[in-house]
>>> print(open('model-v1.tsv').read())   # TSV, N, CA and C atoms
chain	number	residue	atom	x	y	z
A	23	MET	N	-20.93	-1.54	6.36
A	23	MET	CA	-20.73	-1.67	4.94
A	23	MET	C	-19.50	-0.89	4.47
A	24	VAL	N	-19.36	0.34	4.96
A	24	VAL	CA	-18.21	1.16	4.57
A	24	VAL	C	-16.91	0.51	5.04
A	25	ARG	N	-16.91	0.00	6.26
A	25	ARG	CA	-15.72	-0.67	6.78
A	25	ARG	C	-15.34	-1.87	5.91
A	26	ALA	N	-16.33	-2.63	5.48
A	26	ALA	CA	-16.08	-3.80	4.63
A	26	ALA	C	-15.43	-3.39	3.31
A	27	ILE	N	-15.90	-2.30	2.75
A	27	ILE	CA	-15.33	-1.81	1.49
A	27	ILE	C	-13.89	-1.37	1.70
A	28	LEU	N	-13.64	-0.61	2.76
A	28	LEU	CA	-12.28	-0.14	3.03
A	28	LEU	C	-11.35	-1.29	3.37
A	29	GLU	N	-11.84	-2.26	4.15
A	29	GLU	CA	-11.01	-3.44	4.45
A	29	GLU	C	-10.70	-4.21	3.18
A	30	SER	N	-11.66	-4.31	2.27
A	30	SER	CA	-11.41	-5.08	1.04
A	30	SER	C	-10.31	-4.43	0.20
A	31	ILE	N	-10.22	-3.11	0.22
A	31	ILE	CA	-9.13	-2.43	-0.48
A	31	ILE	C	-7.79	-2.81	0.16
A	32	ALA	N	-7.73	-2.74	1.47
A	32	ALA	CA	-6.49	-3.10	2.18
A	32	ALA	C	-6.15	-4.57	1.99
A	33	PHE	N	-7.16	-5.44	2.01
A	33	PHE	CA	-6.92	-6.87	1.83
A	33	PHE	C	-6.38	-7.17	0.44
A	34	ARG	N	-6.90	-6.49	-0.57
A	34	ARG	CA	-6.42	-6.71	-1.94
A	34	ARG	C	-4.96	-6.28	-2.05
A	35	ILE	N	-4.62	-5.17	-1.43
A	35	ILE	CA	-3.24	-4.71	-1.46
A	35	ILE	C	-2.34	-5.70	-0.72
A	36	TYR	N	-2.82	-6.23	0.39
A	36	TYR	CA	-2.07	-7.24	1.14
A	36	TYR	C	-1.87	-8.50	0.29
A	37	GLN	N	-2.88	-8.88	-0.46
A	37	GLN	CA	-2.78	-10.03	-1.36
A	37	GLN	C	-1.69	-9.79	-2.41
A	38	ILE	N	-1.69	-8.61	-2.99
A	38	ILE	CA	-0.67	-8.25	-3.99
A	38	ILE	C	0.71	-8.22	-3.34
A	39	TRP	N	0.80	-7.67	-2.13
A	39	TRP	CA	2.06	-7.64	-1.40
A	39	TRP	C	2.62	-9.06	-1.22
A	40	GLY	N	1.75	-9.99	-0.87
A	40	GLY	CA	2.18	-11.38	-0.71
A	40	GLY	C	2.74	-11.95	-2.00
A	41	THR	N	2.11	-11.64	-3.11
A	41	THR	CA	2.58	-12.11	-4.42
A	41	THR	C	3.94	-11.50	-4.75
A	42	VAL	N	4.08	-10.21	-4.51
A	42	VAL	CA	5.36	-9.54	-4.77
A	42	VAL	C	6.46	-10.16	-3.91
A	43	CYS	N	6.17	-10.41	-2.65
A	43	CYS	CA	7.16	-11.01	-1.75
A	43	CYS	C	7.56	-12.41	-2.20
A	44	ASP	N	6.62	-13.14	-2.80
A	44	ASP	CA	6.93	-14.47	-3.32
A	44	ASP	C	7.86	-14.40	-4.53
A	45	GLU	N	7.78	-13.31	-5.27
A	45	GLU	CA	8.53	-13.18	-6.52
A	45	GLU	C	9.91	-12.55	-6.35
A	46	ILE	N	10.03	-11.60	-5.43
A	46	ILE	CA	11.32	-10.91	-5.26
A	46	ILE	C	11.68	-10.82	-3.78
A	47	ASP	N	12.96	-10.62	-3.53
A	47	ASP	CA	13.45	-10.53	-2.15
A	47	ASP	C	13.24	-9.12	-1.62
A	48	LEU	N	12.41	-8.99	-0.62
A	48	LEU	CA	12.14	-7.68	-0.02
A	48	LEU	C	12.59	-7.63	1.44
A	49	THR	N	13.52	-8.48	1.81
A	49	THR	CA	13.94	-8.54	3.21
A	49	THR	C	14.58	-7.23	3.69
A	50	SER	N	15.13	-6.45	2.77
A	50	SER	CA	15.76	-5.19	3.18
A	50	SER	C	14.77	-4.03	3.18
A	51	THR	N	13.52	-4.30	2.85
A	51	THR	CA	12.50	-3.24	2.83
A	51	THR	C	12.14	-2.87	4.26
A	52	SER	N	12.29	-1.59	4.59
A	52	SER	CA	12.01	-1.17	5.97
A	52	SER	C	10.72	-0.35	6.08
A	53	TYR	N	10.13	0.03	4.96
A	53	TYR	CA	8.87	0.77	4.98
A	53	TYR	C	8.23	0.72	3.59
A	54	LEU	N	6.96	1.09	3.52
A	54	LEU	CA	6.25	1.25	2.26
A	54	LEU	C	5.82	2.70	2.14
A	55	ARG	N	5.63	3.14	0.91
A	55	ARG	CA	5.06	4.47	0.68
A	55	ARG	C	3.75	4.31	-0.07
A	56	CYS	N	2.81	5.18	0.22
A	56	CYS	CA	1.53	5.12	-0.48
A	56	CYS	C	1.17	6.49	-1.02
A	57	CYS	N	0.42	6.47	-2.10
A	57	CYS	CA	-0.05	7.70	-2.72
A	57	CYS	C	-1.34	7.37	-3.47
A	58	GLY	N	-1.98	8.37	-3.98
A	58	GLY	CA	-3.23	8.17	-4.68
A	58	GLY	C	-4.41	8.48	-3.78
A	59	GLY	N	-5.57	8.52	-4.38
A	59	GLY	CA	-6.78	8.95	-3.68
A	59	GLY	C	-7.12	8.18	-2.44
A	60	VAL	N	-7.05	6.85	-2.51
A	60	VAL	CA	-7.44	6.03	-1.35
A	60	VAL	C	-6.48	6.18	-0.18
A	61	SER	N	-5.27	6.63	-0.46
A	61	SER	CA	-4.29	6.79	0.63
A	61	SER	C	-4.67	7.93	1.57
A	62	ALA	N	-5.64	8.74	1.19
A	62	ALA	CA	-6.10	9.81	2.07
A	62	ALA	C	-6.89	9.24	3.26
A	63	ASN	N	-7.25	7.97	3.19
A	63	ASN	CA	-8.03	7.35	4.25
A	63	ASN	C	-7.09	6.72	5.28
A	64	ASP	N	-7.10	7.24	6.50
A	64	ASP	CA	-6.23	6.74	7.57
A	64	ASP	C	-6.50	5.27	7.88
A	65	PHE	N	-7.76	4.86	7.86
A	65	PHE	CA	-8.12	3.47	8.19
A	65	PHE	C	-7.46	2.50	7.21
A	66	VAL	N	-7.52	2.81	5.92
A	66	VAL	CA	-6.91	1.94	4.91
A	66	VAL	C	-5.40	1.88	5.12
A	67	CYS	N	-4.77	3.03	5.31
A	67	CYS	CA	-3.32	3.07	5.50
A	67	CYS	C	-2.89	2.30	6.74
A	68	GLN	N	-3.61	2.48	7.84
A	68	GLN	CA	-3.27	1.78	9.08
A	68	GLN	C	-3.45	0.28	8.91
A	69	THR	N	-4.51	-0.14	8.24
A	69	THR	CA	-4.77	-1.56	8.02
A	69	THR	C	-3.67	-2.19	7.18
A	70	ILE	N	-3.25	-1.51	6.13
A	70	ILE	CA	-2.17	-2.03	5.28
A	70	ILE	C	-0.88	-2.16	6.10
A	71	SER	N	-0.55	-1.13	6.85
A	71	SER	CA	0.66	-1.16	7.67
A	71	SER	C	0.65	-2.35	8.63
A	72	THR	N	-0.48	-2.58	9.27
A	72	THR	CA	-0.59	-3.68	10.22
A	72	THR	C	-0.48	-5.02	9.52
A	73	LEU	N	-1.11	-5.16	8.37
A	73	LEU	CA	-1.06	-6.44	7.65
A	73	LEU	C	0.34	-6.78	7.16
A	74	VAL	N	1.04	-5.80	6.58
A	74	VAL	CA	2.37	-6.09	6.03
A	74	VAL	C	3.48	-6.00	7.08
A	75	LYS	N	3.13	-5.55	8.27
A	75	LYS	CA	4.08	-5.43	9.39
A	75	LYS	C	5.24	-4.49	9.07
A	76	LEU	N	4.93	-3.40	8.37
A	76	LEU	CA	5.93	-2.38	8.06
A	76	LEU	C	5.31	-1.00	8.24
A	77	PRO	N	6.14	-0.01	8.59
A	77	PRO	CA	5.61	1.36	8.61
A	77	PRO	C	5.17	1.75	7.19
A	78	LEU	N	4.12	2.51	7.12
A	78	LEU	CA	3.61	2.98	5.83
A	78	LEU	C	3.69	4.50	5.82
A	79	HIS	N	4.40	5.05	4.86
A	79	HIS	CA	4.58	6.50	4.74
A	79	HIS	C	3.60	7.03	3.72
A	80	ARG	N	2.75	7.96	4.13
A	80	ARG	CA	1.84	8.60	3.19
A	80	ARG	C	2.47	9.93	2.78
A	81	ILE	N	2.62	10.11	1.47
A	81	ILE	CA	3.22	11.34	1.00
A	81	ILE	C	2.21	12.48	1.04
A	82	ARG	N	2.73	13.69	1.15
A	82	ARG	CA	1.86	14.86	1.12
A	82	ARG	C	1.39	15.08	-0.32
A	83	SER	N	0.18	15.55	-0.49
A	83	SER	CA	-0.44	15.77	-1.80
A	83	SER	C	-0.44	14.49	-2.64
A	84	PRO	N	-1.06	13.42	-2.12
A	84	PRO	CA	-1.02	12.14	-2.84
A	84	PRO	C	-1.71	12.18	-4.19
A	85	GLY	N	-2.60	13.13	-4.40
A	85	GLY	CA	-3.31	13.22	-5.67
A	85	GLY	C	-2.41	13.57	-6.84
A	86	PHE	N	-1.26	14.18	-6.56
A	86	PHE	CA	-0.34	14.58	-7.61
A	86	PHE	C	0.87	13.65	-7.70
A	87	ALA	N	0.79	12.50	-7.10
A	87	ALA	CA	1.94	11.59	-7.03
A	87	ALA	C	2.37	11.12	-8.42
A	88	SER	N	1.41	10.81	-9.28
A	88	SER	CA	1.77	10.33	-10.62
A	88	SER	C	2.52	11.41	-11.39
A	89	ALA	N	2.00	12.62	-11.37
A	89	ALA	CA	2.66	13.72	-12.07
A	89	ALA	C	4.05	13.99	-11.48
A	90	ARG	N	4.14	13.95	-10.16
A	90	ARG	CA	5.43	14.18	-9.51
A	90	ARG	C	6.42	13.07	-9.88
A	91	GLY	N	5.96	11.84	-9.91
A	91	GLY	CA	6.82	10.72	-10.27
A	91	GLY	C	7.35	10.84	-11.69
A	92	ILE	N	6.48	11.24	-12.60
A	92	ILE	CA	6.90	11.43	-14.00
A	92	ILE	C	7.94	12.55	-14.08
A	93	ALA	N	7.70	13.63	-13.36
A	93	ALA	CA	8.65	14.74	-13.36
A	93	ALA	C	10.00	14.30	-12.79
A	94	MET	N	9.97	13.47	-11.75
A	94	MET	CA	11.22	12.99	-11.15
A	94	MET	C	11.98	12.09	-12.13
A	95	MET	N	11.25	11.20	-12.81
A	95	MET	CA	11.92	10.34	-13.80
A	95	MET	C	12.53	11.17	-14.92
A	96	ALA	N	11.80	12.19	-15.37
A	96	ALA	CA	12.32	13.07	-16.42
A	96	ALA	C	13.56	13.81	-15.91
A	97	GLY	N	13.51	14.28	-14.67
A	97	GLY	CA	14.65	14.98	-14.09
A	97	GLY	C	15.89	14.11	-13.97
A	98	ILE	N	15.69	12.85	-13.62
A	98	ILE	CA	16.83	11.91	-13.55
A	98	ILE	C	17.39	11.68	-14.95
A	99	THR	N	16.49	11.48	-15.92
A	99	THR	CA	16.91	11.22	-17.30
A	99	THR	C	17.70	12.40	-17.86
A	100	CYS	N	17.29	13.62	-17.54
A	100	CYS	CA	17.98	14.82	-18.04
A	100	CYS	C	19.25	15.15	-17.26
A	101	GLY	N	19.48	14.44	-16.16
A	101	GLY	CA	20.65	14.73	-15.34
A	101	GLY	C	20.42	15.86	-14.35
A	102	MET	N	19.17	16.28	-14.21
A	102	MET	CA	18.84	17.36	-13.28
A	102	MET	C	18.99	16.91	-11.83
A	103	TRP	N	18.64	15.64	-11.57
A	103	TRP	CA	18.72	15.07	-10.23
A	103	TRP	C	19.34	13.69	-10.30
A	104	SER	N	19.88	13.26	-9.17
A	104	SER	CA	20.29	11.86	-9.01
A	104	SER	C	19.19	11.18	-8.19
A	105	LYS	N	19.23	9.87	-8.10
A	105	LYS	CA	18.23	9.16	-7.29
A	105	LYS	C	18.29	9.61	-5.83
A	106	ASP	N	19.50	9.89	-5.34
A	106	ASP	CA	19.65	10.34	-3.95
A	106	ASP	C	19.00	11.69	-3.70
A	107	ASP	N	18.97	12.54	-4.73
A	107	ASP	CA	18.34	13.86	-4.59
A	107	ASP	C	16.83	13.75	-4.38
A	108	LEU	N	16.24	12.69	-4.85
A	108	LEU	CA	14.78	12.57	-4.81
A	108	LEU	C	14.24	12.43	-3.39
A	109	HIS	N	15.02	11.91	-2.48
A	109	HIS	CA	14.56	11.77	-1.09
A	109	HIS	C	14.16	13.12	-0.51
A	110	GLU	N	14.86	14.16	-0.91
A	110	GLU	CA	14.54	15.50	-0.41
A	110	GLU	C	13.27	16.05	-1.03
A	111	LEU	N	12.89	15.53	-2.19
A	111	LEU	CA	11.71	16.03	-2.90
A	111	LEU	C	10.41	15.37	-2.47
A	112	VAL	N	10.53	14.22	-1.81
A	112	VAL	CA	9.34	13.50	-1.35
A	112	VAL	C	9.07	13.89	0.10
A	113	ILE	N	7.94	14.52	0.32
A	113	ILE	CA	7.58	14.98	1.66
A	113	ILE	C	6.55	14.02	2.25
A	114	ILE	N	6.89	13.46	3.40
A	114	ILE	CA	6.01	12.50	4.08
A	114	ILE	C	5.04	13.27	4.97
A	115	GLU	N	3.75	13.03	4.76
A	115	GLU	CA	2.72	13.69	5.56
A	115	GLU	C	2.49	12.97	6.89
A	116	LYS	N	2.44	11.63	6.83
A	116	LYS	CA	2.12	10.86	8.03
A	116	LYS	C	2.74	9.47	7.91
A	117	ILE	N	3.16	8.93	9.04
A	117	ILE	CA	3.70	7.57	9.08
A	117	ILE	C	2.78	6.72	9.95
A	118	PHE	N	2.33	5.60	9.38
A	118	PHE	CA	1.49	4.64	10.09
A	118	PHE	C	2.38	3.48	10.52
A	119	THR	N	2.32	3.12	11.78
A	119	THR	CA	3.12	1.99	12.28
A	119	THR	C	2.20	0.80	12.52
A	120	PRO	N	2.70	-0.41	12.30
A	120	PRO	CA	1.86	-1.60	12.49
A	120	PRO	C	1.34	-1.70	13.91
A	121	GLN	N	0.08	-2.06	14.03
A	121	GLN	CA	-0.54	-2.31	15.34
A	121	GLN	C	-0.63	-3.83	15.51
A	122	ILE	N	0.43	-4.39	16.03
A	122	ILE	CA	0.55	-5.85	16.12
A	122	ILE	C	-0.57	-6.45	16.96
A	123	SER	N	-1.08	-5.72	17.94
A	123	SER	CA	-2.14	-6.25	18.80
A	123	SER	C	-3.43	-6.53	18.03
A	124	SER	N	-3.66	-5.83	16.94
A	124	SER	CA	-4.89	-6.05	16.16
A	124	SER	C	-4.65	-6.90	14.92
A	125	ARG	N	-3.41	-7.34	14.69
A	125	ARG	CA	-3.09	-8.07	13.46
A	125	ARG	C	-3.77	-9.44	13.40
A	126	ARG	N	-3.85	-10.14	14.51
A	126	ARG	CA	-4.45	-11.48	14.52
A	126	ARG	C	-5.90	-11.43	14.02
A	127	GLN	N	-6.67	-10.48	14.53
A	127	GLN	CA	-8.06	-10.35	14.09
A	127	GLN	C	-8.14	-9.94	12.62
A	128	LEU	N	-7.24	-9.05	12.21
A	128	LEU	CA	-7.21	-8.65	10.81
A	128	LEU	C	-6.93	-9.83	9.90
A	129	LEU	N	-6.00	-10.69	10.30
A	129	LEU	CA	-5.69	-11.86	9.49
A	129	LEU	C	-6.87	-12.83	9.41
A	130	LYS	N	-7.63	-12.96	10.50
A	130	LYS	CA	-8.84	-13.79	10.47
A	130	LYS	C	-9.84	-13.20	9.48
A	131	ASN	N	-10.02	-11.89	9.54
A	131	ASN	CA	-10.93	-11.23	8.60
A	131	ASN	C	-10.44	-11.39	7.16
A	132	PHE	N	-9.12	-11.31	6.97
A	132	PHE	CA	-8.55	-11.49	5.64
A	132	PHE	C	-8.83	-12.89	5.11
A	133	GLU	N	-8.68	-13.90	5.94
A	133	GLU	CA	-8.95	-15.27	5.51
A	133	GLU	C	-10.41	-15.45	5.12
A	134	ARG	N	-11.33	-14.85	5.88
A	134	ARG	CA	-12.75	-14.91	5.53
A	134	ARG	C	-13.02	-14.17	4.22
A	135	TRP	N	-12.37	-13.04	4.04
A	135	TRP	CA	-12.52	-12.26	2.81
A	135	TRP	C	-12.01	-13.06	1.61
A	136	GLU	N	-10.84	-13.71	1.79
A	136	GLU	CA	-10.28	-14.51	0.70
A	136	GLU	C	-11.21	-15.66	0.32
A	137	ALA	N	-11.79	-16.31	1.31
A	137	ALA	CA	-12.73	-17.40	1.04
A	137	ALA	C	-13.95	-16.87	0.29
A	138	ALA	N	-14.44	-15.72	0.67
A	138	ALA	CA	-15.59	-15.11	-0.02
A	138	ALA	C	-15.22	-14.77	-1.46
A	139	MET	N	-14.01	-14.27	-1.69
A	139	MET	CA	-13.57	-13.95	-3.05
A	139	MET	C	-13.48	-15.21	-3.90
A	140	GLN	N	-12.99	-16.30	-3.32
A	140	GLN	CA	-12.91	-17.57	-4.06
A	140	GLN	C	-14.30	-18.05	-4.47
A	141	ARG	N	-15.27	-17.90	-3.58
A	141	ARG	CA	-16.64	-18.32	-3.90
A	141	ARG	C	-17.23	-17.49	-5.04
A	142	CYS	N	-16.79	-16.25	-5.17
A	142	CYS	CA	-17.36	-15.35	-6.18
A	142	CYS	C	-16.65	-15.43	-7.53
A	143	LEU	N	-15.52	-16.13	-7.61
A	143	LEU	CA	-14.74	-16.14	-8.84
A	143	LEU	C	-15.52	-16.63	-10.06
A	144	HIS	N	-16.35	-17.62	-9.88
A	144	HIS	CA	-17.06	-18.21	-11.02
A	144	HIS	C	-18.55	-17.88	-10.98
A	145	PHE	N	-18.89	-16.81	-10.30
A	145	PHE	CA	-20.29	-16.44	-10.14
A	145	PHE	C	-20.97	-16.17	-11.48
A	146	TYR	N	-20.26	-15.53	-12.40
A	146	TYR	CA	-20.84	-15.17	-13.69
A	146	TYR	C	-20.40	-16.08	-14.82
A	147	SER	N	-19.68	-17.13	-14.55
A	147	SER	CA	-19.23	-18.01	-15.64
A	147	SER	C	-20.41	-18.79	-16.20
A	148	SER	N	-20.33	-19.08	-17.48
A	148	SER	CA	-21.46	-19.78	-18.13
A	148	SER	C	-21.29	-21.27	-18.15
>>> encode(input="model-v1.tsv", output="structure tokens")
Amino acid sequence: MVRAILESIAFRIYQIWGTVCDEIDLTSTSYLRCCGGVSANDFVCQTISTLVKLPLHRIRSPGFASARGIAMMAGITCGMWSKDDLHELVIIEKIFTPQISSRRQLLKNFERWEAAMQRCLHFYSS
């Protein structure tokens, strides 16, 4: 049950990633960064990395990412930092690399999950 919940989080992010890729050109993207509470889970991070086929960088202290991001935007606006300076301020705790050998099974699970989500879309409609 826990694995299903964690996979569903990763699958939803993969679904959103697909939509973003359809809308904008991300061919030059060489990695993703994650932050927030759920990023503390190695299983979720590894699953996302494998699904999107990109390294996933988890920042240190992900719980404070929003506050840090706001401070960085304010610093850029005030002229305190340039965008290039920010790379030194973001500390990567761990890098997850795609596990291509397990991707095929993950994609099968994703397809089953997507079908289940489609069946549930109108569950409560009147």
>>> closest_residue(input="model-v1.tsv", among="A:Ser30, A:Ser50, A:Ser83, A:Ser71", to="A:Glu136", atoms="only C-alpha atoms")
A:Ser30
>>> residues_around(input="model-v1.tsv", residues="A:Val74", least_positions_apart="3", cutoff="8 Å", atoms="all atoms listed in the file", output="ChimeraX atom specification")
/A:36,39-40,68-71,77,120
>>> residues_around(input="model-v1.tsv", residues="A:His109", least_positions_apart="5", cutoff="12 Å", atoms="only C-alpha atoms", output="NGL selection string")
:A and (81 or 94 or 103-104 or 114)
>>> write_last_selection(input="model-v1.tsv", atoms="N, CA and C atoms", output="short mmCIF file (atom, residue, chain, number, x, y, z; two decimals), keeping the file's coordinate frame")
data_model
loop_
_atom_site.label_atom_id
_atom_site.label_comp_id
_atom_site.auth_asym_id
_atom_site.auth_seq_id
_atom_site.Cartn_x
_atom_site.Cartn_y
_atom_site.Cartn_z
N ILE A 81 2.62 10.11 1.47
CA ILE A 81 3.22 11.34 1.00
C ILE A 81 2.21 12.48 1.04
N MET A 94 9.97 13.47 -11.75
CA MET A 94 11.22 12.99 -11.15
C MET A 94 11.98 12.09 -12.13
N TRP A 103 18.64 15.64 -11.57
CA TRP A 103 18.72 15.07 -10.23
C TRP A 103 19.34 13.69 -10.30
N SER A 104 19.88 13.26 -9.17
CA SER A 104 20.29 11.86 -9.01
C SER A 104 19.19 11.18 -8.19
N ILE A 114 6.89 13.46 3.40
CA ILE A 114 6.01 12.50 4.08
C ILE A 114 5.04 13.27 4.97
#
>>> select_by_dssp(input="model-v1.tsv", residues="chain A", states="alpha helix (DSSP H)", output="PyMOL selection string")
chain A and resi 24-45+64-74+87-100+108-111+122-142
>>> select_by_dssp(input="model-v1.tsv", residues="stretch 72-146 of chain A", states="strand (DSSP E)", output="list in words")
Leu78, His79, Arg80, Ile81, Ile114, Glu115, Lys116, Ile117 and Phe118 of chain A
>>> atom_distance(input="model-v1.tsv", atom1="atom CA of A:Ile46", atom2="atom CA of A:Ile27")
29.0 Å
>>> residues_around(input="model-v1.tsv", residues="A:Val66", least_positions_apart="4", cutoff="8 Å", atoms="all atoms listed in the file", output="ChimeraX atom specification")
/A:28-29,31-33,60-62,70-72
>>> atom_distance(input="model-v1.tsv", atom1="atom N of A:Pro84", atom2="atom C of A:Cys57")
6.2 Å
>>> atom_distance(input="model-v1.tsv", atom1="atom CA of A:Ser88", atom2="atom CA of A:Leu54")
16.4 Å
>>> residues_around(input="model-v1.tsv", residues="A:Ile122", least_positions_apart="2", cutoff="8 Å", atoms="only N, CA and C atoms", output="PyMOL selection string")
chain A and resi 71-73+75+119-120+124-127
>>> closest_residue(input="model-v1.tsv", among="A:Thr51, A:Arg25, A:Cys100, A:Phe145", to="A:Phe65", atoms="only C-alpha atoms")
A:Arg25
>>> axis_aligned_box(input="model-v1.tsv", around="stretch 120-131 of chain A", padding_each_side="8 Å", output="JSON")
{"center_x": -4.1, "center_y": -7.1, "center_z": 13.0, "size_x": 29.6, "size_y": 29.4, "size_z": 27.6}
